[in-house]
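Asks: Have a peek at structure.txt (compact mmCIF, C-alpha atoms).
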```txt
# COMPACT_ATOMS: atom_id res chain seq x y z
CA MET T 1 10.37 -50.82 63.42
CA LEU T 2 13.60 -50.36 65.38
CA ILE T 3 17.06 -51.61 64.55
CA ALA T 4 18.56 -52.03 68.02
CA PHE T 5 22.19 -52.52 69.04
CA PRO T 6 22.16 -54.34 72.41
CA ASN T 7 25.92 -53.97 72.86
CA GLY T 8 25.87 -50.19 72.40
CA GLU T 9 27.68 -49.81 69.06
CA SER T 10 25.00 -47.31 67.97
CA ASP T 11 21.77 -45.74 69.12
CA ASP T 12 18.59 -47.52 68.05
CA VAL T 13 17.57 -46.62 64.50
CA LEU T 14 13.92 -46.00 63.69
CA MET T 15 13.00 -47.40 60.29
CA SER T 16 9.91 -46.74 58.22
CA THR T 17 9.07 -47.77 54.66
CA GLY T 18 12.17 -47.90 52.47
CA THR T 19 15.74 -49.19 52.52
CA LYS T 20 18.63 -48.51 54.86
CA THR T 21 22.17 -49.60 54.07
CA LEU T 22 24.54 -50.71 56.80
CA GLY T 23 28.32 -50.93 56.85
CA SER T 24 31.56 -49.32 57.95
CA ALA T 25 31.77 -46.87 55.01
CA GLU T 26 30.56 -43.29 55.56
CA THR T 27 28.21 -43.57 52.58
CA ASN T 28 25.87 -45.94 54.44
CA ASP T 29 22.65 -44.90 56.15
CA ILE T 30 23.82 -46.72 59.29
CA VAL T 31 27.57 -46.39 59.81
CA ILE T 32 29.21 -48.77 62.31
CA GLN T 33 33.00 -48.58 62.40
CA LYS T 34 33.42 -50.76 65.48
CA GLY T 35 34.18 -54.41 64.96
CA ASP T 36 34.68 -56.11 61.60
CA LEU T 37 31.73 -54.85 59.61
CA GLU T 38 32.37 -54.72 55.84
CA PRO T 39 32.29 -51.29 54.08
CA SER T 40 28.98 -52.16 52.42
CA HIS T 41 27.78 -55.13 54.43
CA ALA T 42 24.00 -55.33 54.05
CA SER T 43 20.73 -53.49 53.57
CA LEU T 44 17.33 -53.72 55.25
CA THR T 45 14.14 -52.99 53.32
CA LEU T 46 10.72 -52.46 54.88
CA ASP T 47 7.70 -52.55 52.54
CA HIS T 48 4.25 -54.10 52.20
CA ARG T 49 5.81 -57.58 51.91
CA GLY T 50 7.66 -57.35 55.22
CA ILE T 51 11.31 -56.90 56.21
CA THR T 52 14.00 -58.08 53.80
CA LEU T 53 17.70 -58.46 54.61
CA LEU T 54 20.02 -58.34 51.57
CA ILE T 55 23.67 -59.29 52.07
CA ASN T 56 26.20 -57.37 49.96
CA ALA T 57 29.33 -58.84 51.61
CA LEU T 58 28.73 -62.40 50.47
CA ASP T 59 31.93 -63.74 52.07
CA ALA T 60 31.11 -62.26 55.47
CA ASP T 61 29.75 -64.23 58.41
CA THR T 62 26.09 -63.21 58.52
CA ARG T 63 23.52 -65.00 60.67
CA VAL T 64 19.86 -64.67 61.60
CA ASN T 65 19.00 -66.34 64.90
CA HIS T 66 22.35 -68.19 64.71
CA ARG T 67 21.59 -69.56 61.22
CA THR T 68 23.88 -68.60 58.35
CA VAL T 69 22.45 -66.33 55.65
CA VAL T 70 24.16 -66.42 52.26
CA GLU T 71 22.37 -63.71 50.31
CA LYS T 72 18.84 -62.80 51.43
CA ALA T 73 16.43 -63.42 54.31
CA ILE T 74 12.89 -62.43 55.23
CA LEU T 75 12.95 -61.10 58.79
CA ARG T 76 10.40 -60.97 61.59
CA LEU T 77 10.13 -58.79 64.64
CA GLY T 78 12.34 -60.20 67.36
CA ASP T 79 14.96 -61.66 64.99
CA VAL T 80 18.59 -61.38 66.07
CA LEU T 81 21.14 -60.57 63.33
CA THR T 82 24.87 -61.16 63.63
CA LEU T 83 27.05 -59.39 61.04
CA ASN T 84 30.70 -60.39 61.47
CA GLY T 85 30.15 -60.45 65.23
CA LEU T 86 28.04 -57.26 65.37
CA THR T 87 24.64 -58.00 66.97
CA LEU T 88 21.42 -56.29 65.90
CA VAL T 89 17.87 -56.95 67.05
CA ILE T 90 14.79 -56.21 64.94
CA LYS T 91 12.34 -54.74 67.44
CA GLN T 92 8.99 -53.06 67.18
CA GLU T 93 8.49 -49.57 68.46
CA PRO T 94 7.58 -49.48 72.17
CA GLU T 95 4.32 -47.65 71.50
CA GLN T 96 3.22 -50.54 69.27
CA LEU T 97 3.49 -53.08 72.10
CA ASN T 98 0.32 -54.21 73.82
CA PRO T 99 1.39 -55.49 77.24
CA LEU T 100 -1.13 -56.57 79.83
CA SER T 101 -0.79 -54.55 83.01
CA SER T 102 -0.55 -56.20 86.41
CA SER T 103 -4.06 -54.94 87.15
CA ASP T 104 -5.55 -56.80 84.18
CA PRO T 105 -7.41 -59.94 85.28
CA ASP T 106 -5.89 -63.25 84.35
CA SER T 107 -8.21 -64.25 81.53
CA PRO T 108 -9.52 -67.81 81.65
CA ALA T 109 -8.83 -70.05 78.71
CA ARG T 110 -11.72 -70.12 76.28
CA SER T 111 -13.85 -73.24 76.44
CA THR T 112 -14.10 -75.24 73.24
CA ASP T 113 -17.86 -75.36 73.88
CA ASP T 114 -18.19 -71.65 73.07
CA ASP T 115 -19.82 -70.63 69.79
CA ASP T 116 -19.49 -73.49 67.31
CA GLY T 117 -17.11 -75.42 69.54
CA ILE T 118 -14.18 -75.01 67.13
CA PRO T 119 -11.80 -72.18 68.08
CA PRO T 120 -9.56 -70.60 65.45
CA ARG T 121 -6.44 -72.67 64.96
CA TYR T 122 -3.32 -71.21 66.52
CA TYR T 123 0.03 -72.88 67.03
CA LEU T 124 3.33 -72.21 68.70
CA ARG T 125 6.11 -73.27 66.33
CA GLY T 126 9.57 -73.90 67.72
CA VAL T 127 12.07 -72.04 65.54
CA GLU T 128 15.17 -72.29 67.76
CA GLY T 129 16.25 -74.57 70.59
CA GLN T 130 15.40 -78.18 71.33
CA HIS T 131 11.81 -77.72 70.13
CA SER T 132 12.82 -76.34 66.72
CA GLY T 133 10.46 -77.59 64.03
CA GLN T 134 7.77 -78.75 66.47
CA LEU T 135 4.18 -77.47 66.39
CA PHE T 136 2.17 -77.02 69.58
CA PRO T 137 -1.56 -76.41 68.95
CA ILE T 138 -3.31 -73.95 71.26
CA SER T 139 -6.80 -75.31 71.89
CA ASN T 140 -7.23 -73.64 75.27
CA SER T 141 -3.82 -72.98 76.82
CA LEU T 142 -0.22 -74.17 76.84
CA SER T 143 2.08 -74.10 79.84
CA LEU T 144 5.82 -73.49 79.48
CA GLY T 145 8.14 -74.43 82.30
CA ALA T 146 11.14 -76.34 83.52
CA VAL T 147 9.19 -79.28 84.95
CA GLY T 148 8.02 -82.42 83.21
CA ASN T 149 4.29 -81.76 83.57
CA SER T 150 4.53 -78.58 81.48
CA ASP T 151 3.10 -78.78 77.98
CA ILE T 152 6.38 -77.37 76.68
CA VAL T 153 9.47 -78.04 78.80
CA VAL T 154 12.01 -75.21 78.53
CA ASP T 155 15.24 -74.47 80.38
CA ALA T 156 14.40 -70.84 81.14
CA ASP T 157 14.64 -69.61 84.74
CA MET T 158 11.08 -70.20 85.89
CA ALA T 159 9.92 -69.07 89.31
CA ASP T 160 10.38 -71.84 91.91
CA GLY T 161 10.94 -74.31 89.09
CA GLN T 162 7.23 -74.29 88.25
CA SER T 163 5.36 -73.69 84.99
CA ALA T 164 5.39 -69.89 85.25
CA ALA T 165 4.28 -69.01 81.71
CA ARG T 166 1.11 -69.74 79.79
CA VAL T 167 -0.08 -69.07 76.27
CA LEU T 168 -3.86 -69.12 76.26
CA PHE T 169 -6.79 -68.62 73.92
CA ASN T 170 -9.06 -66.26 75.86
CA PRO T 171 -12.87 -65.82 75.69
CA ASP T 172 -12.44 -62.83 73.36
CA SER T 173 -10.71 -65.03 70.77
CA GLN T 174 -7.32 -63.44 71.49
CA ILE T 175 -4.04 -65.10 72.29
CA GLU T 176 -2.39 -64.00 75.54
CA PHE T 177 1.04 -64.65 77.02
CA ARG T 178 0.86 -64.70 80.82
CA HIS T 179 3.31 -64.67 83.75
CA GLY T 180 6.56 -65.00 81.84
CA PRO T 181 9.89 -64.95 83.68
CA ASP T 182 12.03 -61.82 83.70
CA ASP T 183 14.15 -62.95 80.73
CA VAL T 184 11.29 -63.52 78.26
CA LEU T 185 11.39 -61.43 75.08
CA ILE T 186 8.38 -60.78 72.87
CA ASN T 187 9.29 -59.26 69.52
CA GLY T 188 12.60 -58.19 71.07
CA HIS T 189 11.11 -56.49 74.16
CA ALA T 190 11.11 -57.79 77.73
CA LEU T 191 7.47 -58.41 78.66
CA LYS T 192 5.88 -60.71 81.24
CA ASP T 193 2.30 -60.43 79.92
CA ALA T 194 1.08 -59.42 76.48
CA ARG T 195 -1.54 -60.00 73.81
CA LEU T 196 -0.12 -61.77 70.78
CA ASN T 197 -0.80 -61.83 67.07
CA PRO T 198 0.33 -64.36 64.45
CA GLY T 199 3.95 -63.74 63.57
CA ASP T 200 4.96 -62.62 67.06
CA GLN T 201 8.08 -64.25 68.46
CA ILE T 202 8.62 -65.40 72.04
CA VAL T 203 12.16 -66.05 73.31
CA LEU T 204 12.56 -68.00 76.55
CA GLY T 205 16.19 -68.72 77.39
CA SER T 206 17.63 -70.72 74.47
CA HIS T 207 14.16 -71.34 73.01
CA ARG T 208 12.42 -69.29 70.33
CA PHE T 209 8.78 -69.78 69.39
CA MET T 210 6.55 -68.09 66.81
CA LEU T 211 2.78 -67.81 66.99
CA GLU T 212 1.22 -69.04 63.75
CA SER T 213 -2.21 -69.45 62.23
CA PRO T 214 -3.38 -70.66 58.81
CA THR T 215 -4.11 -67.06 57.72
CA PHE T 216 -0.58 -65.82 58.45
CA VAL T 217 1.86 -65.69 55.55
CA PRO T 218 5.35 -64.82 56.91
CA GLY T 219 6.94 -61.96 55.01
CA ARG T 220 4.01 -61.46 52.62
CA ALA T 221 0.67 -59.67 52.31
CA PHE T 222 1.08 -57.28 55.23
CA GLY T 223 -1.13 -54.22 55.35
CA GLY T 224 0.27 -50.78 54.66
CA VAL T 225 3.09 -49.97 57.05
CA SER T 226 2.02 -46.32 57.14
CA ASN T 227 -1.27 -47.29 58.78
CA VAL T 228 -0.21 -49.01 62.00
CA ASP T 229 -2.78 -50.52 64.34
CA VAL T 230 -1.62 -49.46 67.81
CA SER T 231 -3.77 -52.13 69.46
CA SER T 232 -1.65 -54.83 67.85
CA THR T 233 1.67 -56.20 68.97
CA GLN T 234 2.64 -56.34 65.31
CA VAL T 235 4.01 -53.34 63.44
CA PHE T 236 1.97 -54.55 60.47
CA LYS T 237 -1.77 -54.96 60.21
CA ALA T 238 -3.19 -58.41 59.56
CA PRO T 239 -3.39 -59.40 55.87
CA ALA T 240 -6.69 -58.82 54.12
CA SER T 241 -8.32 -61.76 52.33
CA GLU T 242 -7.58 -60.46 48.83
CA GLU T 243 -3.99 -59.67 49.79
CA LEU T 244 -3.60 -63.14 51.24
CA ARG T 245 -4.91 -64.76 48.06
CA GLN T 246 -2.58 -62.60 45.97
CA ALA T 247 0.37 -63.45 48.22
CA SER T 248 -0.42 -67.16 48.00
CA HIS T 249 -0.61 -66.86 44.20
CA GLU T 250 2.74 -65.04 44.10
CA ALA T 251 4.27 -67.60 46.44
CA GLY T 252 3.04 -70.41 44.19
CA GLN T 253 4.53 -68.70 41.14
CA THR T 254 7.84 -68.25 42.93
CA ASP T 255 7.90 -71.89 44.02
CA ASN T 256 7.18 -73.01 40.44
CA GLU T 257 10.02 -70.84 39.11
CA VAL T 258 12.42 -72.27 41.68
CA ALA T 259 11.32 -75.83 40.83
CA ARG T 260 11.79 -75.20 37.10
CA GLY T 261 15.23 -73.74 37.76
CA ARG T 262 16.23 -76.77 39.80
CA ARG T 263 15.02 -79.18 37.12
CA ARG T 264 16.95 -77.21 34.48
CA ASP T 265 20.11 -77.32 36.62
CA GLN T 266 19.67 -81.07 37.12
CA VAL T 267 19.34 -81.63 33.36
CA ILE T 268 22.49 -79.57 32.68
CA ILE T 269 24.49 -81.39 35.37
CA THR T 270 23.31 -84.80 34.14
CA SER T 271 24.18 -83.90 30.55
CA CYS T 272 27.68 -82.77 31.57
CA ILE T 273 28.25 -86.01 33.48
CA ILE T 274 27.13 -88.12 30.50
CA LEU T 275 29.33 -86.15 28.06
CA SER T 276 32.32 -86.43 30.40
CA ALA T 277 31.80 -90.19 30.70
CA MET T 278 31.57 -90.56 26.91
CA MET T 279 34.79 -88.60 26.43
CA LEU T 280 36.59 -90.77 28.97
CA ILE T 281 35.37 -93.92 27.24
CA TRP T 282 36.47 -92.56 23.85
CA LEU T 283 39.92 -91.67 25.19
CA PHE T 284 40.27 -95.11 26.83
CA ILE T 285 39.34 -96.90 23.56
CA ASN T 286 41.76 -94.81 21.48
CA LEU T 287 44.78 -95.07 23.78
```
Can you present the structure in this file as structure tokens?

Replies:
Amino acid sequence: MLIAFPNGESDDVLMSTGTKTLGSAETNDIVIQKGDLEPSHASLTLDHRGITLLINALDADTRVNHRTVVEKAILRLGDVLTLNGLTLVIKQEPEQLNPLSSSDPDSPARSTDDDDGIPPRYYLRGVEGQHSGQLFPISNSLSLGAVGNSDIVVDADMADGQSAARVLFNPDSQIEFRHGPDDVLINGHALKDARLNPGDQIVLGSHRFMLESPTFVPGRAFGGVSNVDVSSTQVFKAPASEELRQASHEAGQTDNEVARGRRRDQVIITSCIILSAMMLIWLFINL
């Protein structure tokens, strides 16, 4: 994983398993004294669960993909961080990319009649831009362009105003991104053609999409980061079945704890309101 500084405040920082602190103080692992970074602003941790951002300067303006982060966030490759105006990009190492060369044939979309007729379910999820929150299933292929007959209409600079990009499910049961414009970013790198895995992010102009599948658990159950599959566009290997079940179990436990905490807070708040009302009534009666 690379922590990149697109505006040149620092050289790119290679990060493996562990934690790196970031701030303006000399005691940090990554020291940035340009701009308004706090002395101990944040830390990034890479482990088997994924990439975690922890904010130490809670009053600072910290954003991930333009969304405010108060304390903690689970990051993905391609995310853009803004720390008091300082911009960082979480990128994968160039040798981990799997671009398709110009000499590679343009794979046809897989027919739904192949095998059992039901291809694995993949989706593009809009996570930023006008399509944020929308799911686009990939049965065979999806076109992205600036014209109305595109499956996904985007405002990126497409060649001749036509649908110049496609996401397709090829005969080898892989997802490919084809013929993107020059400003497309895949996991933070400029690529026109690439093979994709669940969790990969595609940025086209003001639009950000993530490839998802039912077996992908964001931020959880990644394979060992020390054993990187160079054929994958992901830094992490795909989650194993047992790891996925364990992650789902942990996620369920976490959700239950959060729900219990919220119910407890609601009971406390309701009790305080009732007691305050009773005191006001008592004071009114005795005045």

Asks: So, with all atoms listed in the file as the atoms that count, which of T:Thr270, T:Asn28, T:Asn65, T:Asn170 lies closest to Arg208 (chain T)?

Replies: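 Of all the options, T:Asn65 lies closest to Arg208 (chain T).
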
Asks: Given the choices T:Arg262, T:Lys72, T:His189, T:Arg178, which gets closest to Gln92 (chain T) if the distance is worked out from only C-alpha atoms?

Replies: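 Closest to Gln92 (chain T), using only C-alpha atoms: T:His189.
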
Asks: Which residue, T:Leu14, T:Val154, T:Val80, T:Leu168, has the smallest gap to Asp29 (chain T) when you use all atoms listed in the file?

Replies: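 Looking at the shortest contact to Asp29 (chain T), the residue is T:Leu14.
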
Asks: Counting all atoms listed in the file, write as a PyMOL selection string all protein and nucleic acid residues lying at most 6 Å from (7.3, -60.4, 61.1) in the file's frame.

Replies: chain T and resi 76-77+199

Asks: Between CA of Ile186 (chain T) and CA of Gly145 (chain T), what distance in Å does the model show, to one decimal?

Replies: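 Computing the Euclidean distance for CA of Ile186 (chain T) and CA of Gly145 (chain T) yields 16.6 Å.
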
Asks: Out of T:Thr82, T:Ser139, T:Asn197, T:Ser40, which residue has the shortest atom-to-atom distance to Ser213 (chain T) when counting all atoms listed in the file?

Replies: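 So, comparing all the options, the nearest one is T:Asn197.
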
Asks: For each of T:Arg125, T:Arg166, T:Lys91, T:Lys192, take the minimum atom-to-atom distance to Met1 (chain T), counting all atoms listed in the file, then give the residue where this is smallest.

Replies: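 Checking each of T:Arg125, T:Arg166, T:Lys91, T:Lys192 against Met1 (chain T), counting all atoms listed in the file, the winner is T:Lys91.
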
Asks: For Phe136 (chain T), find every residue with an atom within 12 Å (counting only C-alpha atoms), except residues of its own chain fewer than 4 positions away, and show them as a JSON list (two decimals) with C-alpha atoms, in the frame of the given file.

Replies:
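selection.json was written with the following content:
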```json
[["chain", "number", "residue", "atom", "x", "y", "z"],
["T", 121, "ARG", "CA", -6.44, -72.67, 64.96],
["T", 122, "TYR", "CA", -3.32, -71.21, 66.52],
["T", 123, "TYR", "CA", 0.03, -72.88, 67.03],
["T", 124, "LEU", "CA", 3.33, -72.21, 68.70],
["T", 125, "ARG", "CA", 6.11, -73.27, 66.33],
["T", 126, "GLY", "CA", 9.57, -73.90, 67.72],
["T", 127, "VAL", "CA", 12.07, -72.04, 65.54],
["T", 131, "HIS", "CA", 11.81, -77.72, 70.13],
["T", 132, "SER", "CA", 12.82, -76.34, 66.72],
["T", 140, "ASN", "CA", -7.23, -73.64, 75.27],
["T", 141, "SER", "CA", -3.82, -72.98, 76.82],
["T", 142, "LEU", "CA", -0.22, -74.17, 76.84],
["T", 143, "SER", "CA", 2.08, -74.10, 79.84],
["T", 144, "LEU", "CA", 5.82, -73.49, 79.48],
["T", 151, "ASP", "CA", 3.10, -78.78, 77.98],
["T", 152, "ILE", "CA", 6.38, -77.37, 76.68],
["T", 153, "VAL", "CA", 9.47, -78.04, 78.80],
["T", 167, "VAL", "CA", -0.08, -69.07, 76.27],
["T", 168, "LEU", "CA", -3.86, -69.12, 76.26],
["T", 209, "PHE", "CA", 8.78, -69.78, 69.39],
["T", 210, "MET", "CA", 6.55, -68.09, 66.81],
["T", 211, "LEU", "CA", 2.78, -67.81, 66.99],
["T", 212, "GLU", "CA", 1.22, -69.04, 63.75],
["T", 213, "SER", "CA", -2.21, -69.45, 62.23]]
```

Asks: Which residue, T:Leu191, T:Ala165, T:Leu81, T:Ala4, has the smallest gap to Leu53 (chain T) when you use all atoms listed in the file?

Replies: T:Leu81

Asks: If we draw a sphere of 12 Å around (32.6, -65.8, 56.1), which residues have at least one atom in it when counting all atoms listed in the file? Please report them as a list in words.

Replies: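 The residues near that point, listed by chain and number, are Asp36, Leu37, Glu38, His41, Ile55, Ala57, Leu58, Asp59, Ala60, Asp61, Thr62, Arg63, Thr68, Val69, Val70, Glu71, Thr82, Leu83, Asn84 and Gly85 of chain T.
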
Asks: So what do you get for CA of Asp265 (chain T) versus CA of Leu283 (chain T), distance-wise?

Replies: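 Taking CA of Asp265 (chain T) and CA of Leu283 (chain T), their separation equals 27.0 Å.
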
Asks: Quick one: pull the distance between CA of Thr27 (chain T) and CA of Leu44 (chain T), Å, one decimal.

Replies: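 Answer for the CA of Thr27 (chain T) to CA of Leu44 (chain T) separation: 15.1 Å.
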